[in-house]
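Comments concern the structure below.
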Amino acid sequence: MKNNNINTVFVLLAFVLCSNIAAAQENTLFNNTKHRFGLNIGFGGESLLHVNYDYDVAIFQAQYFYSFYRRKIWGLDMIVQSQYNQTKCECTDED
């Protein structure tokens with residue numbers, strides 16, 4: 001359970017620190033940029049449900065964007081994305 005709390009704090013902290021660049025398409029941060037990189041991290045589990053197993057998952061995604069064509073209100077992009085998932089399942093025989 002302690003590891004799950006650490007993961008939750010990490011995700012919330014990452015969201016707060018990175019929220020200034022996670023904006024809508026009107027953001028001018030990436031205008032005239034052909035190459036962009038991204039990293040998505042996610043954690044989840046069955047902590048809140050009353051089931052007889054523990055299931056935890058961690059997801060890591062790396063992304064690369066390439067802009068072929070950019071205009072003011074639209075563009076043509078390519079995205080290459082790799083993903084690594086780590087899952088853990090344990091039976092908890094609590095009768």
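Each chain in the structure tokens gets a letter, A, B and so on, in the order shown; residues start at 1 in every chain, and ligands are counted from 1 in the order they appear.
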A:Thr92 surroundings by only C-alpha atoms, 7 Å radius, close-in-sequence under 3 positions cut, as a ChimeraX atom specification: /A:52-54
Residues from the last selection, N, CA and C atoms, saved as a PDB file, in the first residue's frame:
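The resulting file, selection.pdb, is reproduced below:
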```pdb
ATOM      1  N   ASN A  52     -10.522 -10.272  -3.868  1.00  0.00           N
ATOM      2  CA  ASN A  52      -9.543 -11.147  -3.229  1.00  0.00           C
ATOM      3  C   ASN A  52      -8.215 -11.192  -3.995  1.00  0.00           C
ATOM      4  N   TYR A  53      -7.866 -10.100  -4.653  1.00  0.00           N
ATOM      5  CA  TYR A  53      -6.579 -10.013  -5.341  1.00  0.00           C
ATOM      6  C   TYR A  53      -6.107  -8.569  -5.355  1.00  0.00           C
ATOM      7  N   ASP A  54      -4.816  -8.407  -5.533  1.00  0.00           N
ATOM      8  CA  ASP A  54      -4.189  -7.097  -5.715  1.00  0.00           C
ATOM      9  C   ASP A  54      -3.692  -7.024  -7.146  1.00  0.00           C
TER      10      ASP A  54
END
```
Determine, counting only C-alpha atoms, which protein, DNA and RNA residues have an atom within 6 Å of an atom of A:Ser67; residues of the same chain fewer than 2 positions away are not included. Present the result as an mmCIF file with C-alpha atoms, in the first residue's frame.
```
data_model
loop_
_atom_site.group_PDB
_atom_site.id
_atom_site.type_symbol
_atom_site.label_atom_id
_atom_site.label_comp_id
_atom_site.auth_asym_id
_atom_site.auth_seq_id
_atom_site.Cartn_x
_atom_site.Cartn_y
_atom_site.Cartn_z
ATOM 1 C CA LYS A 34 9.268 20.224 -36.376
ATOM 2 C CA TYR A 69 3.047 20.677 -42.589
ATOM 3 C CA ASP A 77 1.926 15.437 -37.987
#
```
Just the residues within 7 Å of A:Gly44, please, counting only C-alpha atoms, with nothing from its chain fewer than 2 positions along; format it as a list in words.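 Counting only the stated atoms, we get Gly42, Asp56, Val57 and Ala58 of chain A.
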Residue subset to file, keeping C-alpha atoms, as a CSV table (one decimal), in the first residue's frame:
```csv
chain,number,residue,atom,x,y,z
A,42,GLY,CA,0.6,6.3,-15.4
A,56,ASP,CA,-1.2,-3.0,-10.0
A,57,VAL,CA,-0.2,-1.6,-13.3
A,58,ALA,CA,2.4,1.0,-14.4
```
Name all residues at most 6 Å from A:Tyr55 (count only C-alpha atoms; drop same-chain ones fewer than 3 positions away) and give them as a list in words.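 Once the adjacent positions are removed, what remains is Gly45, Glu46, Lys88 and Cys89 of chain A.
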Can you measure atom CA of A:Asn5 to atom CA of A:Phe60 for me? One decimal in Å is fine.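 Atom-to-atom, atom CA of A:Asn5 to atom CA of A:Phe60, that is 18.0 Å.
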One decimal, Å: what's the distance from atom CA of A:His35 over to atom CA of A:Asn7, could you say?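 A separation of 29.9 Å between them.
Of the listed residues (A:Thr8, A:Tyr66, A:Val51, A:Gln61), A:Tyr66 comes nearest to A:Met78; the distances count only C-alpha atoms.
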Show me, as a PyMOL selection string, the residues that have an atom within 12 Å of A:Gln63 when counting only C-alpha atoms, minus same-chain residues fewer than 4 positions from it. chain A and resi 35-41+78-84
Write the residues of the selection above to a file with N, CA and C atoms, as an mmCIF file, in the first residue's frame.
```cif
data_model
loop_
_atom_site.group_PDB
_atom_site.id
_atom_site.type_symbol
_atom_site.label_atom_id
_atom_site.label_comp_id
_atom_site.auth_asym_id
_atom_site.auth_seq_id
_atom_site.Cartn_x
_atom_site.Cartn_y
_atom_site.Cartn_z
ATOM 1 N N HIS A 35 10.227 18.997 -34.503
ATOM 2 C CA HIS A 35 10.479 17.813 -33.678
ATOM 3 C C HIS A 35 10.016 18.084 -32.250
ATOM 4 N N ARG A 36 9.232 17.139 -31.712
ATOM 5 C CA ARG A 36 8.774 17.242 -30.325
ATOM 6 C C ARG A 36 8.860 15.868 -29.678
ATOM 7 N N PHE A 37 9.188 15.865 -28.407
ATOM 8 C CA PHE A 37 9.291 14.631 -27.644
ATOM 9 C C PHE A 37 8.343 14.700 -26.460
ATOM 10 N N GLY A 38 7.821 13.551 -26.050
ATOM 11 C CA GLY A 38 6.916 13.512 -24.911
ATOM 12 C C GLY A 38 7.113 12.243 -24.109
ATOM 13 N N LEU A 39 6.682 12.279 -22.862
ATOM 14 C CA LEU A 39 6.748 11.129 -21.963
ATOM 15 C C LEU A 39 5.479 11.109 -21.134
ATOM 16 N N ASN A 40 4.766 10.001 -21.178
ATOM 17 C CA ASN A 40 3.562 9.808 -20.377
ATOM 18 C C ASN A 40 3.817 8.682 -19.397
ATOM 19 N N ILE A 41 3.430 8.896 -18.143
ATOM 20 C CA ILE A 41 3.591 7.890 -17.097
ATOM 21 C C ILE A 41 2.262 7.751 -16.378
ATOM 22 N N MET A 78 3.185 13.422 -37.688
ATOM 23 C CA MET A 78 3.403 11.994 -37.521
ATOM 24 C C MET A 78 3.800 11.774 -36.059
ATOM 25 N N ILE A 79 3.284 10.709 -35.469
ATOM 26 C CA ILE A 79 3.656 10.370 -34.101
ATOM 27 C C ILE A 79 4.167 8.934 -34.069
ATOM 28 N N VAL A 80 5.300 8.744 -33.400
ATOM 29 C CA VAL A 80 5.856 7.418 -33.146
ATOM 30 C C VAL A 80 5.819 7.239 -31.647
ATOM 31 N N GLN A 81 5.207 6.153 -31.207
ATOM 32 C CA GLN A 81 4.987 5.968 -29.774
ATOM 33 C C GLN A 81 5.353 4.552 -29.365
ATOM 34 N N SER A 82 6.198 4.449 -28.365
ATOM 35 C CA SER A 82 6.504 3.136 -27.786
ATOM 36 C C SER A 82 5.923 3.111 -26.379
ATOM 37 N N GLN A 83 5.553 1.920 -25.933
ATOM 38 C CA GLN A 83 4.900 1.799 -24.634
ATOM 39 C C GLN A 83 5.439 0.585 -23.896
ATOM 40 N N TYR A 84 5.661 0.758 -22.593
ATOM 41 C CA TYR A 84 6.082 -0.332 -21.720
ATOM 42 C C TYR A 84 5.082 -0.415 -20.572
#
```
Between atom CA of A:Phe10 and atom CA of A:Phe43, measure the distance and give it in Å to one decimal. 9.6 Å
